[in-house]
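Enquirer: There's a structure below that I have some questions on.
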Amino acid sequence: MVFRSHMARALDEARDAAARGEVPVGAVVVAPDGTVVAAAGNRTRERNDPTAHAEMLAIREACARLGAERLTNHDLYVTLEPCPMCAGAISNARIRRLYYGAQDAKSGGVAHGARVFSHPQCHHAPEIYDGVNAREAETLLTTFFAAKREGA
């Protein structure tokens, strides 16, 4: 099987989130055969739900579609380094591989901050591939926040 990145779809979800006034983060869950099982963008403001991060929504949708609590052998593409909450969900879902774009030095939970997958109490750590389309993901975020600052 030839590797195919699904980060472009995650970036589309991030752009859709920005258009809704949400922080532009998108996530896509991909099955072992390469098909997209679920995709989502942030909806924390829309739903008044601090857990409605793109990763959480995509994982929930994928589990519901598959009728399973685990996504063993599935991959997750996300435009921003997951926070500790999302990293915990990724571990609990048993995601096989995590691909993410921009690093999050302030709130990340993978390479920064809590480093959830490095913690001795972490039951499962995915393979991690960072920096995938990082520049495009970073540009979406910086443009979004610059516009917020200008409008404030």
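Letters A, B, ... mark the chains of the structure tokens in the order given; residue numbers begin at 1 per chain; ligand numbers begin at 1, in order shown.
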Residues near stretch 93-102 of chain A, anyone? I mean within 9 Å using only C-alpha atoms, not counting same-chain ones fewer than 2 positions away, as an MDAnalysis selection string.
Expert: chainID A and resid 5 7 27 29 59 63 69:82 88:91 104 123:138 141
Enquirer: What are the DSSP strand (DSSP E) residues of stretch 87-145 of chain A, as an MDAnalysis selection string?
Expert: chainID A and resid 97:102 127:130
Enquirer: Kindly indicate which residue among A:Cys122, A:Met85, A:Ala19, A:Ala10 lies nearest to A:Thr51, using only C-alpha atoms for the distances.
Expert: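 Of A:Cys122, A:Met85, A:Ala19, A:Ala10, the one nearest A:Thr51, counting only C-alpha atoms, is A:Met85.
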Enquirer: May I ask which of the residues A:Gly26, A:Pro50, A:Pro84, A:Gly41 is the closest one to A:Leu11, counting only C-alpha atoms?
Expert: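 Using only C-alpha atoms, A:Leu11 sits closest to A:Gly26.
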Enquirer: Determine the nearest neighbour of A:Phe145 from the options A:Ala62, A:Cys83, A:Ala14, A:Val23, counting only C-alpha atoms.
Expert: A:Val23
Enquirer: List every residue of stretch 13-107 of chain A that DSSP, applied to the backbone of this structure, assigns to alpha helix (DSSP H), and report them as a PyMOL selection string.
Expert: chain A and resi 13-19+44-47+54-66+84-93
Enquirer: In Å, how far is it from atom CA of A:Glu22 to atom CA of A:Ala38?
Expert: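 Computing the Euclidean distance for atom CA of A:Glu22 and atom CA of A:Ala38 yields 18.8 Å.
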